[in-house]
Amino acid sequence: MDIKSGHSSPVMTDSPQISNSRLTARQSRLPPYSSATAVSQNNNLLLTVPRKKTGIIDDVKANAWLDAMIASSPTPAIVNKDNISSSDATTTDMTYREWTVKYPSALTTFEKIMSVAKGKRIALFLDYDGTLSPIVEEPDAAYMSSDMRTAVQNVAKYFPTAIISGRSRDKVYEFVGLSELYYAGSHGMDIMSPAGESLNHKHLSRTVSINEQGKDVNLFQTASEFLPMIDKLLCSLVESTKDIKGVKVEDNRFCISVHYRNVEEKNWTLVAQCVDDVIRTYPKLRLTYGRKVLEIRPVIDWDKGKAVTFLLESLGLNNCEDVLPIYVGDDRTDEDAFKVLRDGPNHGYGVLVSAMPKVSNAFYSLRDPSEVMEFLKALVTWKRSLG
């Protein structure tokens with residue numbers, strides 16, 4: 001696997017390097033989330049953000065960003081069943097059933113999936129937010145249930161299991177709290193093996209002793225060179241968005257997330273413009289979209305799909321006919337992993353977690369984290385039945 005970096009804009013002088021002391025103080029200087037503490041009393045919030053005069057090109061870009069933000073942040077089809085008519089509920093259910101013809105439930109078709117898995121080694125990859133935990137208004141409150149933790153712990157006894165998230169690796173580990181898993185944070189740019197396990201890969205960067213038991217764990221960090229740049233960008237984004245009510249800027253170490261879930265929709269364009277004003281001076285960083293979040297990450301040839309391939313290679317499970325990788329996720333960033341398993345040499349199954357119909361590279365679907373938990377339990381029961 002080749003790791004390539006690049007950029008779509010003309011090369012500009014890199015941002016000034018930040019000293020190691022500043023990097024060390026990064027977590028103490030800024031909390032994982034920084035939110036607006038002051039709200040402008042001016043209805044025209046654009047006037048509170050110093051920026052160049054908006055031209056036609058910027059207006060077009062702002063509108064395109066707003067369209068993308070709306071498209072990536074759909075409103076749930078049913079918010080409260082008590083407040084909708086029975087005919088609307090019937091229509092919604094019918095639409096979902098029609099969608100599951102193309103993306104069948106991984107629970108109702110479980111026996112079919114396992115018939116393919118028979119005689120093969122399963123490798124399991126799981127997203128976190130919206131998959132193992134529900135989507136919540138406050139990102140730092142996305143806790144998984146104790147029952148879900150037990151289900152993940154049990155499935156990891158039988159199959160190599162990895163959590164691949166856009167969150168920082170440390171934050172995901174804090175949420176999950178299971179040392180027997182592989183963790184890939186920052187969309188796979190920060191990968192850690194379980195304690196006592198190794199990552200045998202030509203691109204492995206270093207081995208450090210960092211876990212709570214003081215045991216050696218392997219780390220692979222493909223974007224370490226970008227940390228000074230990301231650190232400076234983080235400070236700029238916090239300052240740029242501080243007057244927008246509801247914005248949260250999350251430090252995910254190798255990427256930055258700007259959450260607008262709690263921002264009024266009329267101010268989404270302002271969020272996009274503030275982010276654009278900051279990142280336009282960083283040609284080596286790029287913007288991507290998630291569920292009510294803008295994410296900035298390095299311009300390198302790396303994503304969740306690459307992380308899946310890296311882990312399969314490291315585990316000696318790459319390009320093996322007797323291996324069945326399964327990836328379960330709910331977000332558009334998981335589509336890279338779905339596509340790798342659908343079209344690549346490591347043929348496997350993507351499982352999209354969604355209660356709403358959407359186009360996907362996945363083969364199967366599950367409605368929500370509760371169904372994900374049932375699927376994990378079914379995997380354990382199936383494995384135990386084989387003796």
# chains A, B, ... in the order shown; residues from 1 in each chain; ligands from 1

call {"tool": "residues_around", "arguments": {"residues": "Leu324 in chain A", "least_positions_apart": "4", "cutoff": "12 Å", "atoms": "only C-alpha atoms", "output": "list of chain:residue names"}}
result
A:Ile113, A:Met114, A:Ser115, A:Val116, A:Ala117, A:Lys118, A:Gly119, A:Lys120, A:Arg121, A:Ile122, A:Ala123, A:Leu124, A:Phe125, A:Phe159, A:Pro160, A:Leu312, A:Leu317, A:Asn318, A:Asn319, A:Cys320, A:Leu341, A:Arg342, A:Pro345, A:Asn346, A:His347, A:Gly348, A:Tyr349, A:Gly350

call {"tool": "write_last_selection", "arguments": {"atoms": "C-alpha atoms", "output": "PDB file, in the first residue's frame"}}
result
ATOM      1  CA  ILE A 113     -24.505 -13.874   5.319  1.00  0.00           C
ATOM      2  CA  MET A 114     -23.258 -16.676   7.522  1.00  0.00           C
ATOM      3  CA  SER A 115     -23.570 -19.187   4.722  1.00  0.00           C
ATOM      4  CA  VAL A 116     -20.954 -17.133   2.899  1.00  0.00           C
ATOM      5  CA  ALA A 117     -18.894 -16.796   6.094  1.00  0.00           C
ATOM      6  CA  LYS A 118     -18.789 -20.549   6.713  1.00  0.00           C
ATOM      7  CA  GLY A 119     -15.200 -21.742   6.625  1.00  0.00           C
ATOM      8  CA  LYS A 120     -13.883 -18.179   6.537  1.00  0.00           C
ATOM      9  CA  ARG A 121     -12.265 -15.928   9.096  1.00  0.00           C
ATOM     10  CA  ILE A 122     -14.362 -12.852   9.866  1.00  0.00           C
ATOM     11  CA  ALA A 123     -12.658  -9.505  10.466  1.00  0.00           C
ATOM     12  CA  LEU A 124     -14.999  -6.937  11.987  1.00  0.00           C
ATOM     13  CA  PHE A 125     -14.784  -3.153  11.597  1.00  0.00           C
ATOM     14  CA  PHE A 159     -13.022 -12.078  15.662  1.00  0.00           C
ATOM     15  CA  PRO A 160     -10.352  -9.405  15.268  1.00  0.00           C
ATOM     16  CA  LEU A 312      -6.119  -6.452   6.988  1.00  0.00           C
ATOM     17  CA  LEU A 317      -5.700 -11.204   6.272  1.00  0.00           C
ATOM     18  CA  ASN A 318      -5.214  -9.242   3.049  1.00  0.00           C
ATOM     19  CA  ASN A 319      -6.216 -10.793  -0.292  1.00  0.00           C
ATOM     20  CA  CYS A 320      -7.190 -14.056   1.375  1.00  0.00           C
ATOM     21  CA  LEU A 341     -15.115  -4.180   0.475  1.00  0.00           C
ATOM     22  CA  ARG A 342     -17.478  -4.086  -2.498  1.00  0.00           C
ATOM     23  CA  PRO A 345      -9.631  -7.557  -3.612  1.00  0.00           C
ATOM     24  CA  ASN A 346     -10.660  -7.899   0.048  1.00  0.00           C
ATOM     25  CA  HIS A 347     -14.245  -8.685  -0.834  1.00  0.00           C
ATOM     26  CA  GLY A 348     -16.578  -8.355   2.110  1.00  0.00           C
ATOM     27  CA  TYR A 349     -19.811  -6.791   3.277  1.00  0.00           C
ATOM     28  CA  GLY A 350     -20.591  -3.219   4.215  1.00  0.00           C
TER      29      GLY A 350
END

call {"tool": "select_by_dssp", "arguments": {"residues": "range 213-244 of chain A", "states": "strand (DSSP E)", "output": "short mmCIF file (atom, residue, chain, number, x, y, z; two decimals) with all heavy atoms, in the first residue's frame"}}
result
data_model
loop_
_atom_site.label_atom_id
_atom_site.label_comp_id
_atom_site.auth_asym_id
_atom_site.auth_seq_id
_atom_site.Cartn_x
_atom_site.Cartn_y
_atom_site.Cartn_z
N ASP A 216 3.34 -2.45 25.83
CA ASP A 216 3.64 -1.90 24.51
C ASP A 216 2.45 -2.07 23.58
O ASP A 216 1.83 -3.13 23.51
CB ASP A 216 4.85 -2.61 23.90
CG ASP A 216 6.15 -2.15 24.53
OD1 ASP A 216 6.13 -1.13 25.24
OD2 ASP A 216 7.18 -2.81 24.32
N VAL A 217 2.14 -1.00 22.85
CA VAL A 217 1.13 -1.07 21.80
C VAL A 217 1.74 -0.44 20.56
O VAL A 217 2.58 0.46 20.64
CB VAL A 217 -0.17 -0.32 22.18
CG1 VAL A 217 -0.87 -1.01 23.34
CG2 VAL A 217 0.11 1.13 22.51
N ASN A 218 1.36 -0.96 19.40
CA ASN A 218 1.87 -0.43 18.14
C ASN A 218 1.03 0.74 17.68
O ASN A 218 -0.20 0.72 17.75
CB ASN A 218 1.83 -1.52 17.07
CG ASN A 218 2.98 -2.50 17.20
OD1 ASN A 218 3.59 -2.87 16.23
ND2 ASN A 218 3.25 -2.93 18.40
N LEU A 219 1.69 1.78 17.19
CA LEU A 219 1.01 2.94 16.63
C LEU A 219 1.39 3.12 15.17
O LEU A 219 2.55 2.98 14.81
CB LEU A 219 1.39 4.22 17.39
CG LEU A 219 0.73 4.50 18.74
CD1 LEU A 219 1.22 5.84 19.26
CD2 LEU A 219 -0.77 4.49 18.63
N PHE A 220 0.40 3.44 14.36
CA PHE A 220 0.66 3.85 12.98
C PHE A 220 -0.01 5.19 12.79
O PHE A 220 -1.23 5.32 12.91
CB PHE A 220 0.09 2.83 11.98
CG PHE A 220 0.19 3.30 10.56
CD1 PHE A 220 1.41 3.40 9.93
CD2 PHE A 220 -0.95 3.68 9.86
CE1 PHE A 220 1.51 3.86 8.62
CE2 PHE A 220 -0.88 4.13 8.55
CZ PHE A 220 0.36 4.22 7.93
N GLN A 221 0.77 6.22 12.51
CA GLN A 221 0.24 7.58 12.37
C GLN A 221 0.74 8.16 11.05
O GLN A 221 1.88 8.61 10.94
CB GLN A 221 0.67 8.44 13.56
CG GLN A 221 0.12 7.90 14.88
CD GLN A 221 0.64 8.65 16.10
OE1 GLN A 221 1.76 9.12 16.13
NE2 GLN A 221 -0.21 8.74 17.12
#

call {"tool": "residues_around", "arguments": {"residues": "range 273-276 of chain A", "least_positions_apart": "2", "cutoff": "8 Å", "atoms": "only C-alpha atoms", "output": "PyMOL selection string"}}
result
chain A and resi 49+62+237+240-241+269-271+278-280

call {"tool": "residues_around", "arguments": {"residues": "Val152 in chain A", "least_positions_apart": "4", "cutoff": "7 Å", "atoms": "only C-alpha atoms", "output": "PyMOL selection string"}}
result
chain A and resi 148+156+376

call {"tool": "write_last_selection", "arguments": {"atoms": "N, CA, C and O atoms", "output": "mmCIF file, in the first residue's frame"}}
result
data_model
loop_
_atom_site.group_PDB
_atom_site.id
_atom_site.type_symbol
_atom_site.label_atom_id
_atom_site.label_comp_id
_atom_site.auth_asym_id
_atom_site.auth_seq_id
_atom_site.Cartn_x
_atom_site.Cartn_y
_atom_site.Cartn_z
ATOM 1 N N MET A 148 -24.105 -2.610 25.053
ATOM 2 C CA MET A 148 -23.357 -2.550 23.796
ATOM 3 C C MET A 148 -21.884 -2.857 24.045
ATOM 4 O O MET A 148 -21.244 -3.576 23.256
ATOM 5 N N ALA A 156 -15.315 -9.519 20.134
ATOM 6 C CA ALA A 156 -13.864 -9.410 19.970
ATOM 7 C C ALA A 156 -13.136 -10.654 20.470
ATOM 8 O O ALA A 156 -11.964 -10.855 20.132
ATOM 9 N N LEU A 376 -24.276 -8.055 16.465
ATOM 10 C CA LEU A 376 -23.062 -8.507 17.143
ATOM 11 C C LEU A 376 -23.340 -9.736 18.001
ATOM 12 O O LEU A 376 -22.538 -10.687 18.025
#

call {"tool": "select_by_dssp", "arguments": {"residues": "range 186-326 of chain A", "states": "helix (DSSP H, G or I)", "output": "count of residues only"}}
result
47

call {"tool": "atom_distance", "arguments": {"atom1": "CA of Val238 in chain A", "atom2": "CA of Tyr128 in chain A"}}
result
24.8 Å

call {"tool": "atom_distance", "arguments": {"atom1": "CA of Val353 in chain A", "atom2": "CA of Arg332 in chain A"}}
result
10.8 Å

call {"tool": "residues_around", "arguments": {"residues": "range 357-370 of chain A", "least_positions_apart": "4", "cutoff": "6 Å", "atoms": "only C-alpha atoms", "output": "VMD selection string"}}
result
chain A and resid 96 99 103 to 106 131 to 132 338 to 339 349 to 353

call {"tool": "residues_around", "arguments": {"residues": "Phe375 in chain A", "least_positions_apart": "4", "cutoff": "8 Å", "atoms": "only C-alpha atoms", "output": "list in words"}}
result
Ala106, Leu107, Glu371 and Leu379 of chain A

call {"tool": "write_last_selection", "arguments": {"atoms": "N, CA and C atoms", "output": "PDB file, in the first residue's frame"}}
result
ATOM      1  N   ALA A 106     -29.403  -6.859   7.737  1.00  0.00           N
ATOM      2  CA  ALA A 106     -28.388  -7.851   8.086  1.00  0.00           C
ATOM      3  C   ALA A 106     -28.888  -8.819   9.151  1.00  0.00           C
ATOM      4  N   LEU A 107     -30.013  -8.492   9.776  1.00  0.00           N
ATOM      5  CA  LEU A 107     -30.604  -9.415  10.752  1.00  0.00           C
ATOM      6  C   LEU A 107     -31.501 -10.440  10.063  1.00  0.00           C
ATOM      7  N   GLU A 371     -30.091  -2.417  16.675  1.00  0.00           N
ATOM      8  CA  GLU A 371     -29.990  -3.529  15.733  1.00  0.00           C
ATOM      9  C   GLU A 371     -28.534  -3.936  15.520  1.00  0.00           C
ATOM     10  N   LEU A 379     -23.608 -12.749  15.781  1.00  0.00           N
ATOM     11  CA  LEU A 379     -22.296 -13.243  15.354  1.00  0.00           C
ATOM     12  C   LEU A 379     -21.670 -14.139  16.411  1.00  0.00           C
TER      13      LEU A 379
END

call {"tool": "closest_residue", "arguments": {"among": "A:Ala162, A:Leu285, A:Cys235, A:Ala195", "to": "Ala223 in chain A", "atoms": "only C-alpha atoms"}}
result
A:Leu285

call {"tool": "atom_distance", "arguments": {"atom1": "CA of Leu315 in chain A", "atom2": "CA of Pro194 in chain A"}}
result
12.0 Å

call {"tool": "closest_residue", "arguments": {"among": "A:Arg384, A:Lys171, A:Lys304, A:Arg286", "to": "Tyr143 in chain A", "atoms": "only C-alpha atoms"}}
result
A:Lys171
